[in-house]
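Dumped query_16.txt below, it's compact mmCIF, C-alpha atoms and all ligand atoms:
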# COMPACT_ATOMS: atom_id res chain seq x y z
CA MET F 1 99.30 82.83 116.50
CA ASP F 2 102.44 82.02 114.56
CA PRO F 3 104.36 85.31 114.24
CA VAL F 4 106.10 83.94 111.16
CA LEU F 5 102.76 84.08 109.34
CA ASN F 6 101.78 87.52 110.70
CA PRO F 7 100.28 89.25 107.61
CA TYR F 8 100.33 92.81 108.99
CA ASN F 9 103.03 95.29 108.04
CA PRO F 10 103.31 98.19 110.46
CA GLY F 11 106.12 100.53 109.45
CA ALA F 12 106.99 103.46 107.21
CA GLY F 13 106.46 102.61 103.56
CA ARG F 14 105.90 98.89 104.24
CA ARG F 15 103.43 97.58 101.70
CA PRO F 16 100.23 96.26 103.22
CA ARG F 17 99.00 92.87 102.09
CA ALA F 18 95.73 94.59 101.16
CA LEU F 19 95.83 98.22 100.05
CA VAL F 20 92.35 99.28 101.10
CA GLY F 21 90.21 102.32 100.35
CA ARG F 22 92.42 104.03 97.78
CA ASP F 23 90.63 102.96 94.60
CA GLY F 24 89.85 106.57 93.65
CA GLU F 25 93.52 107.55 93.53
CA LEU F 26 94.50 104.38 91.70
CA GLU F 27 91.78 105.11 89.15
CA LEU F 28 93.28 108.58 88.63
CA MET F 29 96.51 106.88 87.63
CA ASP F 30 94.70 104.41 85.38
CA THR F 31 92.87 107.30 83.71
CA LEU F 32 96.12 109.16 83.12
CA ILE F 33 97.65 106.02 81.60
CA ALA F 34 94.60 105.46 79.37
CA ARG F 35 94.47 109.10 78.24
CA THR F 36 98.16 109.10 77.47
CA SER F 37 97.79 105.98 75.34
CA ARG F 38 95.24 107.93 73.27
CA GLY F 39 97.56 110.92 72.91
CA MET F 40 95.50 113.01 75.34
CA ASP F 41 96.93 115.05 78.19
CA GLY F 42 96.19 115.02 81.91
CA ARG F 43 97.41 116.32 85.25
CA GLY F 44 99.89 115.06 87.79
CA VAL F 45 98.61 114.13 91.25
CA ILE F 46 99.79 115.37 94.65
CA LEU F 47 98.86 113.16 97.62
CA THR F 48 98.84 115.03 100.91
CA GLY F 49 98.29 113.82 104.45
CA LEU F 50 99.64 113.26 107.92
CA ARG F 51 102.32 110.74 108.85
CA GLY F 52 101.16 107.14 108.62
CA VAL F 53 98.03 107.62 106.47
CA GLY F 54 99.52 105.68 103.59
CA LYS F 55 100.92 108.19 101.11
CA THR F 56 104.12 106.28 100.35
CA VAL F 57 102.49 102.90 99.75
CA LEU F 58 99.85 104.54 97.55
CA LEU F 59 102.50 106.45 95.58
CA HIS F 60 104.33 103.19 94.92
CA ALA F 61 101.12 101.42 93.93
CA MET F 62 100.49 104.21 91.40
CA ALA F 63 104.06 103.94 90.12
CA ASP F 64 103.64 100.16 89.78
CA ARG F 65 100.67 100.75 87.48
CA ALA F 66 102.60 103.21 85.34
CA GLU F 67 105.52 100.81 85.18
CA ALA F 68 103.27 97.92 84.17
CA ALA F 69 102.04 100.13 81.31
CA GLU F 70 105.70 100.57 80.25
CA TRP F 71 105.93 104.21 81.29
CA PHE F 72 109.34 105.62 82.16
CA THR F 73 108.91 105.88 85.93
CA VAL F 74 111.34 107.61 88.27
CA ARG F 75 110.93 107.10 92.03
CA LEU F 76 112.64 109.25 94.61
CA GLU F 77 112.30 110.73 98.05
CA ALA F 78 113.19 114.40 98.48
CA ARG F 79 115.32 113.89 101.57
CA ARG F 80 116.82 116.80 103.45
CA SER F 81 120.46 115.88 103.44
CA VAL F 82 123.61 117.83 104.02
CA SER F 83 125.67 115.57 101.80
CA GLU F 84 123.32 115.10 98.83
CA THR F 85 121.50 117.72 96.81
CA PHE F 86 118.09 117.05 95.27
CA GLU F 87 119.82 117.13 91.88
CA PHE F 88 122.06 114.27 92.97
CA GLN F 89 119.10 112.28 94.35
CA LEU F 90 117.29 112.81 91.04
CA ALA F 91 120.35 111.74 89.03
CA ARG F 92 120.53 108.48 90.97
CA ALA F 93 116.79 107.91 90.57
CA LEU F 94 117.04 108.55 86.81
CA ARG F 95 119.86 106.01 86.61
CA ASP F 96 117.72 103.46 88.50
CA ALA F 97 114.75 104.18 86.23
CA TYR F 98 116.96 103.75 83.18
CA ARG F 99 118.21 100.40 84.46
CA ALA F 100 114.68 99.16 85.17
CA SER F 101 113.18 100.53 81.95
CA SER F 102 111.58 98.09 79.53
CA TRP F 103 112.57 100.50 76.75
CA ARG F 104 116.10 99.11 76.80
CA HIS F 105 114.85 95.84 75.35
CA ASN F 106 113.36 97.57 72.34
CA LEU F 107 115.70 100.45 71.67
CA THR F 108 114.72 103.17 69.24
CA ASP F 109 116.80 106.17 68.16
CA ARG F 110 114.73 108.41 70.37
CA ALA F 111 115.21 106.17 73.41
CA ARG F 112 118.95 106.16 72.70
CA ALA F 113 118.97 109.94 72.55
CA ALA F 114 116.96 110.18 75.78
CA PHE F 115 119.33 107.83 77.61
CA GLY F 116 122.24 109.97 76.36
CA THR F 117 120.50 112.98 77.86
CA ILE F 118 120.14 111.17 81.19
CA GLN F 119 123.86 110.45 80.97
CA SER F 120 124.57 114.17 80.43
CA PHE F 121 122.33 115.07 83.36
CA THR F 122 124.01 112.63 85.75
CA ALA F 123 127.53 113.50 84.58
CA LYS F 124 126.84 117.14 85.38
CA VAL F 125 125.62 116.39 88.90
CA ASP F 126 127.80 113.45 89.89
CA THR F 127 131.33 114.53 89.13
CA SER F 128 132.81 111.38 90.68
CA GLY F 129 131.21 109.40 87.84
CA GLY F 130 129.78 106.69 90.10
CA ILE F 131 126.24 107.05 88.79
CA SER F 132 127.13 107.59 85.15
CA ALA F 133 129.22 104.43 85.09
CA SER F 134 126.11 102.26 85.00
CA ILE F 135 124.53 104.07 82.05
CA GLU F 136 125.81 102.48 78.83
CA PHE F 137 125.24 105.53 76.64
CA ALA F 138 127.54 108.42 75.80
CA PRO F 139 126.46 111.90 76.88
CA HIS F 140 124.12 113.68 74.49
CA HIS F 141 126.08 116.86 73.70
CA GLY F 142 124.18 120.07 74.13
CA ARG F 143 121.39 118.38 76.12
CA ALA F 144 121.06 118.57 79.93
CA ASP F 145 124.67 119.68 80.27
CA SER F 146 124.21 123.39 81.07
CA SER F 147 124.91 124.87 84.48
CA ASP F 148 121.18 125.45 85.10
CA PHE F 149 119.20 122.67 86.78
CA GLU F 150 115.86 123.82 85.39
CA THR F 151 117.13 123.81 81.78
CA ASN F 152 118.68 120.39 82.26
CA LEU F 153 115.52 118.96 83.80
CA LEU F 154 113.47 120.27 80.89
CA ASP F 155 115.89 118.69 78.41
CA VAL F 156 115.47 115.35 80.19
CA ALA F 157 111.68 115.76 80.14
CA ILE F 158 111.62 116.66 76.44
CA ASP F 159 113.93 113.89 75.28
CA LEU F 160 112.25 111.23 77.42
CA THR F 161 108.78 112.25 76.25
CA ASP F 162 109.97 112.20 72.63
CA ALA F 163 110.80 108.56 73.18
CA ALA F 164 107.63 107.97 75.21
CA THR F 165 105.16 109.35 72.68
CA GLU F 166 106.27 106.96 69.95
CA ARG F 167 105.26 104.19 72.36
CA ARG F 168 102.10 106.03 73.41
CA VAL F 169 103.19 106.05 77.05
CA GLY F 170 104.24 108.73 79.52
CA VAL F 171 107.08 109.79 81.78
CA ALA F 172 106.47 110.37 85.48
CA LEU F 173 108.54 111.44 88.45
CA PHE F 174 107.07 109.88 91.62
CA ILE F 175 108.45 112.07 94.40
CA ASP F 176 107.82 111.31 98.06
CA GLU F 177 108.31 113.79 100.95
CA LEU F 178 107.86 116.63 98.49
CA GLN F 179 107.59 119.17 101.34
CA ASP F 180 111.33 118.65 101.91
CA ALA F 181 112.31 119.74 98.39
CA PRO F 182 113.87 123.24 98.37
CA THR F 183 111.75 126.01 96.79
CA PRO F 184 113.93 126.38 93.64
CA ILE F 185 113.49 122.65 93.04
CA LEU F 186 109.70 122.90 93.40
CA GLN F 187 109.83 125.80 90.95
CA ALA F 188 111.93 123.88 88.45
CA LEU F 189 109.68 120.82 88.66
CA THR F 190 106.53 122.83 88.15
CA HIS F 191 108.07 124.86 85.31
CA ALA F 192 109.11 121.66 83.56
CA VAL F 193 105.59 120.21 83.91
CA HIS F 194 104.14 123.48 82.65
CA GLN F 195 106.46 123.75 79.66
CA ALA F 196 106.03 120.11 78.71
CA GLY F 197 102.26 120.49 78.98
CA GLN F 198 102.27 123.43 76.57
CA THR F 199 103.54 121.16 73.84
CA ALA F 200 101.26 118.31 74.96
CA ARG F 201 104.13 116.20 76.19
CA PRO F 202 103.16 113.47 78.70
CA PHE F 203 105.53 114.52 81.50
CA TYR F 204 104.07 114.30 85.00
CA VAL F 205 105.07 114.82 88.60
CA ILE F 206 103.16 112.55 90.97
CA GLY F 207 104.05 113.67 94.48
CA ALA F 208 103.32 112.90 98.11
CA GLY F 209 103.91 114.95 101.21
CA LEU F 210 102.60 116.60 104.34
CA PRO F 211 99.56 118.88 103.90
CA SER F 212 101.87 121.93 103.80
CA VAL F 213 103.06 120.84 100.35
CA ILE F 214 100.02 122.48 98.74
CA ARG F 215 101.01 125.87 100.14
CA LEU F 216 104.70 125.33 99.37
CA LEU F 217 103.97 124.47 95.74
CA SER F 218 101.71 127.45 95.22
CA GLU F 219 104.21 129.78 96.89
CA ALA F 220 106.88 128.43 94.54
CA THR F 221 104.81 129.05 91.39
CA SER F 222 101.53 130.85 91.17
CA TYR F 223 99.97 128.42 88.68
CA ALA F 224 100.80 125.20 90.56
CA GLU F 225 97.21 124.69 91.69
CA ARG F 226 96.09 124.38 88.07
CA LEU F 227 98.80 121.90 87.14
CA TYR F 228 98.19 119.26 89.79
CA ASP F 229 95.25 117.31 91.07
CA TYR F 230 95.57 117.57 94.87
CA ARG F 231 94.21 114.53 96.71
CA PRO F 232 94.05 114.62 100.50
CA ILE F 233 94.77 111.16 101.90
CA SER F 234 93.13 110.71 105.25
CA GLN F 235 91.77 108.16 107.68
CA LEU F 236 89.86 105.20 106.28
CA SER F 237 86.11 104.75 106.73
CA THR F 238 84.91 102.26 109.36
CA GLY F 239 84.20 99.64 106.69
CA ASP F 240 87.57 100.05 105.01
CA SER F 241 89.36 100.04 108.37
CA GLY F 242 87.74 96.69 109.17
CA GLU F 243 88.92 95.41 105.80
CA VAL F 244 92.53 96.43 106.61
CA LEU F 245 92.29 94.00 109.55
CA GLU F 246 90.20 91.26 107.97
CA ALA F 247 91.52 90.93 104.41
CA PRO F 248 95.09 89.87 105.33
CA ALA F 249 93.73 87.38 107.91
CA ARG F 250 91.40 85.84 105.31
CA THR F 251 94.36 84.95 103.13
CA GLU F 252 95.67 82.89 106.09
CA ASN F 253 92.23 81.35 106.81
CA VAL F 254 91.92 83.27 110.06
CA THR F 255 88.66 84.97 111.07
CA TRP F 256 88.10 88.02 113.23
CA ASP F 257 85.34 88.32 115.84
CA PRO F 258 83.27 91.35 114.69
CA GLU F 259 83.57 92.90 118.16
CA ALA F 260 87.34 92.58 118.02
CA VAL F 261 87.32 94.39 114.68
CA SER F 262 85.15 97.26 115.90
CA LEU F 263 87.27 97.69 119.01
CA LEU F 264 90.50 98.04 117.02
CA VAL F 265 88.88 100.16 114.33
CA SER F 266 87.70 102.67 116.91
CA GLU F 267 91.01 102.55 118.78
CA SER F 268 92.97 103.30 115.60
CA ALA F 269 90.60 106.08 114.47
CA GLY F 270 90.96 104.72 110.93
CA TYR F 271 94.69 105.50 110.61
CA PRO F 272 96.26 102.81 108.42
CA TYR F 273 99.53 102.70 110.33
CA PHE F 274 97.75 102.24 113.67
CA LEU F 275 95.50 99.55 112.15
CA GLN F 276 98.56 97.63 111.00
CA GLU F 277 100.15 97.99 114.45
CA PHE F 278 97.02 96.82 116.31
CA GLY F 279 96.34 94.05 113.78
CA SER F 280 99.89 92.80 114.13
CA ALA F 281 99.67 92.81 117.95
CA ALA F 282 96.32 90.97 117.90
CA TRP F 283 97.74 88.30 115.59
CA ASP F 284 100.74 87.63 117.83
CA ILE F 285 98.59 87.57 120.98
CA ALA F 286 95.77 85.33 119.66
CA ALA F 287 95.77 81.95 121.37
CA ARG F 288 93.71 80.04 118.78
CA PRO F 289 95.30 79.21 115.41
CA ASP F 290 92.29 80.26 113.31
CA ALA F 291 90.49 83.15 115.05
CA ILE F 292 91.07 86.49 116.75
CA SER F 293 88.71 87.10 119.66
CA ARG F 294 87.51 90.17 121.52
CA SER F 295 89.84 89.42 124.43
CA ASP F 296 92.79 89.12 122.01
CA ALA F 297 91.82 92.56 120.67
CA LEU F 298 91.61 94.01 124.18
CA ALA F 299 95.12 92.79 124.93
CA ALA F 300 96.25 94.07 121.51
CA VAL F 301 95.05 97.57 122.36
CA ASN F 302 97.49 97.68 125.26
CA ALA F 303 100.33 96.07 123.33
CA GLY F 304 99.67 98.23 120.26
CA ARG F 305 99.53 101.44 122.29
CA ARG F 306 102.79 100.51 123.98
CA ALA F 307 104.40 99.80 120.60
CA LEU F 308 103.20 103.17 119.27
CA ASP F 309 104.29 105.07 122.39
CA ASP F 310 107.71 103.41 122.46
CA GLY F 311 108.30 103.73 118.72
CA PHE F 312 106.21 106.02 116.55
CA PHE F 313 105.65 108.76 119.14
CA ARG F 314 108.76 108.34 121.31
CA ALA F 315 111.12 108.54 118.32
CA ARG F 316 109.72 111.97 117.52
CA TRP F 317 109.60 113.21 121.11
CA ASP F 318 113.21 112.18 121.70
CA ARG F 319 114.31 114.22 118.70
CA ALA F 320 113.08 117.46 120.33
CA THR F 321 115.20 119.62 122.63
CA LYS F 322 113.80 120.94 125.91
CA ALA F 323 112.71 124.22 124.34
CA GLU F 324 111.13 122.41 121.42
CA ARG F 325 109.27 120.08 123.79
CA ASN F 326 107.85 123.09 125.61
CA TYR F 327 106.55 124.28 122.26
CA LEU F 328 104.99 120.87 121.56
CA ILE F 329 103.43 120.81 125.02
CA ALA F 330 101.96 124.28 124.51
CA MET F 331 100.32 123.02 121.30
CA SER F 332 98.79 119.96 122.99
CA SER F 333 95.83 121.77 124.54
CA ASP F 334 94.53 122.33 120.98
CA GLY F 335 94.29 118.57 120.42
CA ALA F 336 94.70 117.75 116.73
CA GLY F 337 94.96 121.50 116.05
CA PRO F 338 95.79 123.60 114.26
CA SER F 339 97.27 125.93 116.88
CA PHE F 340 97.81 129.64 116.34
CA THR F 341 101.45 130.58 116.75
CA GLY F 342 100.59 133.85 118.52
CA GLU F 343 98.53 131.97 121.08
CA ILE F 344 101.32 129.46 121.73
CA ALA F 345 103.68 132.37 122.39
CA SER F 346 101.29 133.86 124.92
CA ARG F 347 100.82 130.45 126.61
CA LEU F 348 104.62 130.29 126.97
CA GLY F 349 104.85 133.95 128.06
CA LYS F 350 107.10 134.86 125.12
CA GLU F 351 107.10 136.98 122.00
CA PRO F 352 106.34 134.96 118.82
CA SER F 353 109.74 135.98 117.39
CA GLN F 354 111.53 134.40 120.38
CA LEU F 355 109.94 131.07 119.48
CA GLY F 356 110.90 131.26 115.80
CA PRO F 357 113.99 129.03 116.10
CA ALA F 358 112.18 126.27 118.07
CA ARG F 359 109.34 126.32 115.58
CA ALA F 360 111.69 126.23 112.57
CA ASN F 361 113.67 123.34 114.07
CA LEU F 362 110.51 121.36 114.77
CA ILE F 363 109.42 121.86 111.16
CA SER F 364 112.77 120.77 109.79
CA LYS F 365 112.77 117.73 112.10
CA GLY F 366 109.36 116.84 110.61
CA LEU F 367 107.39 117.02 113.87
CA ILE F 368 105.12 119.92 112.98
CA TYR F 369 104.04 121.72 109.82
CA ALA F 370 102.40 125.02 109.00
CA PRO F 371 99.01 124.43 107.33
CA GLU F 372 98.63 128.21 106.88
CA HIS F 373 100.66 131.23 107.87
CA GLY F 374 100.38 131.78 111.61
CA GLN F 375 99.17 128.23 112.22
CA ILE F 376 100.91 125.08 113.25
CA SER F 377 99.91 121.39 113.55
CA TYR F 378 101.49 118.09 114.53
CA THR F 379 102.50 115.88 111.60
CA VAL F 380 101.38 112.70 113.35
CA PRO F 381 97.84 111.86 114.44
CA GLY F 382 97.42 111.32 118.20
CA MET F 383 100.52 113.34 119.15
CA ALA F 384 98.59 115.64 121.51
CA ASP F 385 97.34 112.66 123.55
CA PHE F 386 100.83 111.17 123.68
CA ILE F 387 102.28 114.46 124.93
CA ARG F 388 99.61 114.80 127.56
CA ARG F 389 100.46 111.29 128.78
CA GLN F 390 104.14 112.30 129.00
CA VAL F 391 103.34 115.44 130.94
CA ASP F 392 100.92 113.64 133.27
CA SER F 393 103.46 110.92 134.01
CA CYS F 394 106.00 113.60 135.03
CA VAL F 395 103.62 115.28 137.48
CA PRO F 396 104.39 114.06 141.03
N1 LIG M 401 95.36 101.82 102.23
C1 LIG M 401 95.98 101.08 103.14
N2 LIG M 401 95.49 99.88 103.52
C2 LIG M 401 96.16 99.13 104.43
N3 LIG M 401 97.30 99.51 105.04
C3 LIG M 401 97.82 100.68 104.70
C4 LIG M 401 97.20 101.53 103.74
N4 LIG M 401 97.94 102.63 103.60
C5 LIG M 401 98.99 102.50 104.42
N5 LIG M 401 98.95 101.33 105.09
C6 LIG M 401 99.93 100.91 106.11
O1 LIG M 401 100.14 102.03 106.95
C7 LIG M 401 101.52 102.21 107.27
C8 LIG M 401 101.99 103.60 106.85
O2 LIG M 401 101.98 103.72 105.43
P1 LIG M 401 102.93 104.78 104.69
O3 LIG M 401 104.32 104.61 105.16
O4 LIG M 401 102.64 104.68 103.26
O5 LIG M 401 102.34 106.14 105.28
P2 LIG M 401 102.84 107.61 104.94
O6 LIG M 401 101.64 108.44 104.82
O7 LIG M 401 103.78 107.58 103.79
O8 LIG M 401 103.61 108.01 106.25
P3 LIG M 401 104.85 109.05 106.40
O9 LIG M 401 104.26 110.41 106.26
O10 LIG M 401 105.38 108.78 107.77
O11 LIG M 401 105.86 108.74 105.34
C9 LIG M 401 102.24 101.03 106.62
O12 LIG M 401 102.39 100.05 107.62
C10 LIG M 401 101.30 100.57 105.53
O13 LIG M 401 101.44 99.18 105.28
MG MG M 402 105.74 108.11 103.58

Just dump the structure as structure tokens.
Ligand SMILES: Nc1ncnc2c1ncn2[C@@H]1O[C@H](COP(=O)(O)OP(=O)(O)OP(=O)(O)O)[C@@H](O)[C@H]1O
Ligand SMILES: [Mg+2]
Amino acid sequence: MDPVLNPYNPGAGRRPRALVGRDGELELMDTLIARTSRGMDGRGVILTGLRGVGKTVLLHAMADRAEAAEWFTVRLEARRSVSETFEFQLARALRDAYRASSWRHNLTDRARAAFGTIQSFTAKVDTSGGISASIEFAPHHGRADSSDFETNLLDVAIDLTDAATERRVGVALFIDELQDAPTPILQALTHAVHQAGQTARPFYVIGAGLPSVIRLLSEATSYAERLYDYRPISQLSTGDSGEVLEAPARTENVTWDPEAVSLLVSESAGYPYFLQEFGSAAWDIAARPDAISRSDALAAVNAGRRALDDGFFRARWDRATKAERNYLIAMSSDGAGPSFTGEIASRLGKEPSQLGPARANLISKGLIYAPEHGQISYTVPGMADFIRRQVDSCVP
């Protein structure tokens, strides 16, 4: 079929034509918006799940709803970077939120004061002045200009929510890859949410990250579990998985053979990213202009697997050193896991402490995460099978 019209979007953070099976999480956002408009409080949401389950696209869909309701919405990814601190990333995201904010078209004194506070915050973090230059407000003296990030963040939260409450809306930080935020940052974020909540201010963190983020947040502050609504994002049901394939095709007047759908649904195990990859392959392979057949789907399984092996899995495997690969291989006999770190050490004939560096590097490269102390899992579904295929293909 015409690849130009291919309606599937495999790739990190690429918005699907149909966002399927996440109504519950979207309703959480709608409820928060509705409660805020009535002056009632609520809780932020933390989406957790493996790579490719759809956290980023869901986070953005939630942010879109808040934005449509005229909330002040800040979107950022907590990237591990040697050149940029989280504070800098937040300053840039605040600047972007300011520029996109509908509040600028209906300025009140409180909004002016809040924008001045954002200017103070960015000026403190970005000494070169590049970010501040695009904020047309003078710094708000005495607000967000201390040497303490937590104090400054709280000032921003207070001044923005002062402006938000007169409009009966909220302020939300939508933070992706939250597991990569340093512990002091997680502490500061949670403290700000806590403090704002004590005075019934509508300031929320809506986050997304690997499943380890739950543990990291609660290690950072003991009361985190009461402040956030944790929502595990996992595979889609069989029905929803079918809809991921069929809904985009319907918009192009293309039908799927039911057998083709069930083949790809079972092959993808309900993982949204895999469904997009297989759907995309089936579309390109299909010979007829208006239908995708079982034989197209069979060919798509091979093409899709190849695309996943050469991209999604290979990119991660290639990032690992030899010692790190040995660690990954030792985990593979546990399938989807989790694996116990002590057991991996004995499989490799080493002391657990000798494997500490390999394990730490694999975590910081984003290939594995620790669901609990003493346990370790792959961050991507299907990694164990991929590794076994690598090992098998190396055996003479
Ligand atoms: N609910 C859904 N319905 C249809 N497609 C989806 C859905 N969720 C995600 N996808 C698709 O799955 C792929 C992965 O989505 P996304 O990047 O949001 O996952 P993620 O969980 O953020 O992954 P990572 O942990 O690698 O950042 C994208 O191609 C996206 O279009
Ligand atoms: Mg993501």

If you count all atoms listed in the file, the residue of F:Glu77, F:Glu136, F:Asp284, F:Asp148 closest to F:Gly209 turns out to be F:Glu77

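Closest approach to ligand LIG 401 (chain M) among F:Thr183, F:Ser83, F:Ser218, F:Gln235 is made by F:Gln235 (distances from all atoms listed in the file).
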
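Distances here use only C-alpha atoms and all ligand atoms; by that measure, the residue among F:Ser222, F:Gln179, F:Ser81, F:Asn326 closest to ligand MG 402 (chain M) is F:Gln179.
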
Show me as a JSON list (two decimals) with C-alpha atoms, in the coordinates of the input the residues that reach within 10 Å of (107.0, 106.2, 76.7), counting all atoms listed in the file and using the file's own coordinates.
[["chain", "number", "residue", "atom", "x", "y", "z"],
["F", 36, "THR", "CA", 98.16, 109.10, 77.47],
["F", 37, "SER", "CA", 97.79, 105.98, 75.34],
["F", 69, "ALA", "CA", 102.04, 100.13, 81.31],
["F", 70, "GLU", "CA", 105.70, 100.57, 80.25],
["F", 71, "TRP", "CA", 105.93, 104.21, 81.29],
["F", 72, "PHE", "CA", 109.34, 105.62, 82.16],
["F", 73, "THR", "CA", 108.91, 105.88, 85.93],
["F", 101, "SER", "CA", 113.18, 100.53, 81.95],
["F", 102, "SER", "CA", 111.58, 98.09, 79.53],
["F", 103, "TRP", "CA", 112.57, 100.50, 76.75],
["F", 111, "ALA", "CA", 115.21, 106.17, 73.41],
["F", 160, "LEU", "CA", 112.25, 111.23, 77.42],
["F", 161, "THR", "CA", 108.78, 112.25, 76.25],
["F", 162, "ASP", "CA", 109.97, 112.20, 72.63],
["F", 163, "ALA", "CA", 110.80, 108.56, 73.18],
["F", 164, "ALA", "CA", 107.63, 107.97, 75.21],
["F", 165, "THR", "CA", 105.16, 109.35, 72.68],
["F", 166, "GLU", "CA", 106.27, 106.96, 69.95],
["F", 167, "ARG", "CA", 105.26, 104.19, 72.36],
["F", 168, "ARG", "CA", 102.10, 106.03, 73.41],
["F", 169, "VAL", "CA", 103.19, 106.05, 77.05],
["F", 170, "GLY", "CA", 104.24, 108.73, 79.52],
["F", 171, "VAL", "CA", 107.08, 109.79, 81.78],
["F", 172, "ALA", "CA", 106.47, 110.37, 85.48],
["F", 202, "PRO", "CA", 103.16, 113.47, 78.70],
["F", 203, "PHE", "CA", 105.53, 114.52, 81.50]]

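If you look at atom CA of F:Glu259 and atom CA of F:Ser293, they are 7.9 Å away from each other.
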
Near-ligand residues for ligand LIG 401 (chain M), threshold 8 Å, all atoms listed in the file, as a ChimeraX atom specification: /F:8-22,49-59,176-177,208-210,233,236,241,244,271-277,379-380
